[in-house]
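Below is one structure, written out as C-alpha cells; comments come after it.
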Amino acid sequence: MHSSGVAGAFENWTVQARKGILEMAVLTALAGGERYGYELVKSLVAVPGLTVTEGTLYPLLSRLRQLGWIESRLVESSEGPARKYYTLTSDGRDALALMKTYFTGVTGALEQLQAAVPKTTNRKRKTS
C-alpha cells in the first residue's frame with residue numbers, strides 16, 4: 001500500500017475512533033453536572049484530539065437524548081434566545097461506567113500486547 005493509501009486509511013480509522021470517544025467525552029463532561037450547550041461545546045473544543053464542532057456536537061447530543069442517556073431543558077435568558085441545558089441520566093451514568101470499563105480494558109490490553117512485542121520486530125520482513 002502506498003503512503004497516500006495509508007494516510008487515507010488512517011484518516012478513516014481516526015474518524016471512526018473519534019465517534020465513540022466523543023460520546024464518552026460528552027457523557028464524562030456531563031458527569032460533573034448540568035451544562036449549557038455552548039459551554040459544553042467550548043469545553044470539548046479545548047480538548048486536543050477530539051476535533052469537536054457545533055455541527056458534530058448538537059446532533060450527538062440529540063442522539064444521546066433519544067437513547068435516554070441525557071436530558072435537556074430550556075431556560076429563558078435575558079441575554080437572547082432560551083438556553084438549552086443538558087444533564088446525565090441514570091442510564092447515561094450506567095453507559096458511561098460501561099464505556100470507561102471497556103476503554104480501560106482495551107488500553108490495558110494494548111499496553112500489555114506492546115510490552116510483549118520484541119524490540120527487534122521493527123525490521124522489515126523479506127517477501128518471497
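Chains: A, B, ... in order of the C-alpha cells. Residues: from 1 per chain. Ligands: from 1, in order shown.
Residue-level DSSP output for segment 41-82 of chain A, from the backbone, shows strand (DSSP E or B) at Ile70, Glu71, Ser72, Arg73, Leu74, Val75, Glu76, Ser77, Gly80, Pro81 and Ala82 of chain A.
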Same residues, C-alpha atoms, saved as a short mmCIF file (atom, residue, chain, number, x, y, z; two decimals), in the first residue's frame:
```
data_model
loop_
_atom_site.label_atom_id
_atom_site.label_comp_id
_atom_site.auth_asym_id
_atom_site.auth_seq_id
_atom_site.Cartn_x
_atom_site.Cartn_y
_atom_site.Cartn_z
CA ILE A 70 -29.04 12.65 28.73
CA GLU A 71 -31.92 15.04 29.31
CA SER A 72 -32.29 18.63 28.22
CA ARG A 73 -34.30 21.60 29.39
CA LEU A 74 -34.81 25.11 28.03
CA VAL A 75 -34.18 28.09 30.28
CA GLU A 76 -35.24 31.60 29.28
CA SER A 77 -32.35 34.04 29.01
CA GLY A 80 -31.11 36.41 23.94
CA PRO A 81 -32.81 33.15 23.00
CA ALA A 82 -33.60 30.43 25.53
#
```
ask   = What lies within 10 Å of Trp69 of chain A using only C-alpha atoms, ignoring chain neighbours under 4 positions off, as a PyMOL selection string?
value = chain A and resi 27+61+63-65+87-96
key: Within 12 Å of Ser62 of chain A using only C-alpha atoms, minus same-chain residues under 2 positions, as a list in words   =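 Once the adjacent positions are removed, what remains is Glu23, Val26, Gly37, Gly55, Thr56, Leu57, Tyr58, Pro59, Leu60, Leu64, Arg65, Gln66, Leu67, Gly68, Trp69, Ile70, Glu71, Ser72, Lys84 and Tyr86 of chain A.
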Could those residues be written to a file, using N, CA and C atoms, as a PDB file, in the first residue's frame?
```
ATOM      1  N   GLU A  23     -18.575  10.375  22.195  1.00  0.00           N
ATOM      2  CA  GLU A  23     -19.725  10.042  23.042  1.00  0.00           C
ATOM      3  C   GLU A  23     -19.293   9.948  24.498  1.00  0.00           C
ATOM      4  N   VAL A  26     -18.504  13.429  25.939  1.00  0.00           N
ATOM      5  CA  VAL A  26     -19.705  14.205  26.267  1.00  0.00           C
ATOM      6  C   VAL A  26     -20.301  13.716  27.584  1.00  0.00           C
ATOM      7  N   GLY A  37     -25.390  24.109  26.583  1.00  0.00           N
ATOM      8  CA  GLY A  37     -24.888  23.550  25.333  1.00  0.00           C
ATOM      9  C   GLY A  37     -23.630  24.218  24.813  1.00  0.00           C
ATOM     10  N   GLY A  55     -21.347  21.596  14.817  1.00  0.00           N
ATOM     11  CA  GLY A  55     -22.007  20.753  13.823  1.00  0.00           C
ATOM     12  C   GLY A  55     -21.952  19.271  14.141  1.00  0.00           C
ATOM     13  N   THR A  56     -20.949  18.837  14.889  1.00  0.00           N
ATOM     14  CA  THR A  56     -20.890  17.428  15.295  1.00  0.00           C
ATOM     15  C   THR A  56     -21.514  17.213  16.667  1.00  0.00           C
ATOM     16  N   LEU A  57     -21.399  18.214  17.528  1.00  0.00           N
ATOM     17  CA  LEU A  57     -21.863  18.023  18.907  1.00  0.00           C
ATOM     18  C   LEU A  57     -23.386  18.021  19.039  1.00  0.00           C
ATOM     19  N   TYR A  58     -24.066  18.963  18.413  1.00  0.00           N
ATOM     20  CA  TYR A  58     -25.515  19.046  18.619  1.00  0.00           C
ATOM     21  C   TYR A  58     -26.275  17.824  18.098  1.00  0.00           C
ATOM     22  N   PRO A  59     -25.929  17.267  16.930  1.00  0.00           N
ATOM     23  CA  PRO A  59     -26.586  16.008  16.529  1.00  0.00           C
ATOM     24  C   PRO A  59     -26.280  14.859  17.506  1.00  0.00           C
ATOM     25  N   LEU A  60     -25.057  14.833  18.041  1.00  0.00           N
ATOM     26  CA  LEU A  60     -24.699  13.801  19.020  1.00  0.00           C
ATOM     27  C   LEU A  60     -25.513  13.968  20.296  1.00  0.00           C
ATOM     28  N   LEU A  64     -27.940  11.156  21.906  1.00  0.00           N
ATOM     29  CA  LEU A  64     -27.796  10.698  23.292  1.00  0.00           C
ATOM     30  C   LEU A  64     -29.086  10.926  24.085  1.00  0.00           C
ATOM     31  N   ARG A  65     -29.795  11.998  23.743  1.00  0.00           N
ATOM     32  CA  ARG A  65     -31.087  12.266  24.390  1.00  0.00           C
ATOM     33  C   ARG A  65     -32.104  11.206  23.963  1.00  0.00           C
ATOM     34  N   GLN A  66     -32.112  10.836  22.690  1.00  0.00           N
ATOM     35  CA  GLN A  66     -33.021   9.794  22.211  1.00  0.00           C
ATOM     36  C   GLN A  66     -32.730   8.443  22.853  1.00  0.00           C
ATOM     37  N   LEU A  67     -31.473   8.192  23.158  1.00  0.00           N
ATOM     38  CA  LEU A  67     -31.098   6.948  23.847  1.00  0.00           C
ATOM     39  C   LEU A  67     -31.506   6.967  25.318  1.00  0.00           C
ATOM     40  N   GLY A  68     -31.834   8.157  25.821  1.00  0.00           N
ATOM     41  CA  GLY A  68     -32.194   8.281  27.225  1.00  0.00           C
ATOM     42  C   GLY A  68     -30.995   8.445  28.140  1.00  0.00           C
ATOM     43  N   TRP A  69     -29.825   8.755  27.560  1.00  0.00           N
ATOM     44  CA  TRP A  69     -28.610   8.887  28.352  1.00  0.00           C
ATOM     45  C   TRP A  69     -28.427  10.290  28.889  1.00  0.00           C
ATOM     46  N   ILE A  70     -29.067  11.277  28.242  1.00  0.00           N
ATOM     47  CA  ILE A  70     -29.040  12.653  28.726  1.00  0.00           C
ATOM     48  C   ILE A  70     -30.439  13.236  28.630  1.00  0.00           C
ATOM     49  N   GLU A  71     -30.664  14.286  29.384  1.00  0.00           N
ATOM     50  CA  GLU A  71     -31.920  15.041  29.311  1.00  0.00           C
ATOM     51  C   GLU A  71     -31.560  16.491  29.041  1.00  0.00           C
ATOM     52  N   SER A  72     -32.528  17.206  28.467  1.00  0.00           N
ATOM     53  CA  SER A  72     -32.289  18.629  28.222  1.00  0.00           C
ATOM     54  C   SER A  72     -33.487  19.430  28.700  1.00  0.00           C
ATOM     55  N   LYS A  84     -30.375  25.930  26.165  1.00  0.00           N
ATOM     56  CA  LYS A  84     -30.646  24.518  26.422  1.00  0.00           C
ATOM     57  C   LYS A  84     -29.546  23.983  27.338  1.00  0.00           C
ATOM     58  N   TYR A  86     -28.082  20.571  29.497  1.00  0.00           N
ATOM     59  CA  TYR A  86     -28.050  19.109  29.389  1.00  0.00           C
ATOM     60  C   TYR A  86     -27.583  18.498  30.707  1.00  0.00           C
TER      61      TYR A  86
END
```
task = Based on DSSP run over this structure's backbone, return all residues of segment 8-106 of chain A in alpha helix (DSSP H), as an MDAnalysis selection string.
result = chainID A and resid 8:31 37:45 54:66 90:106
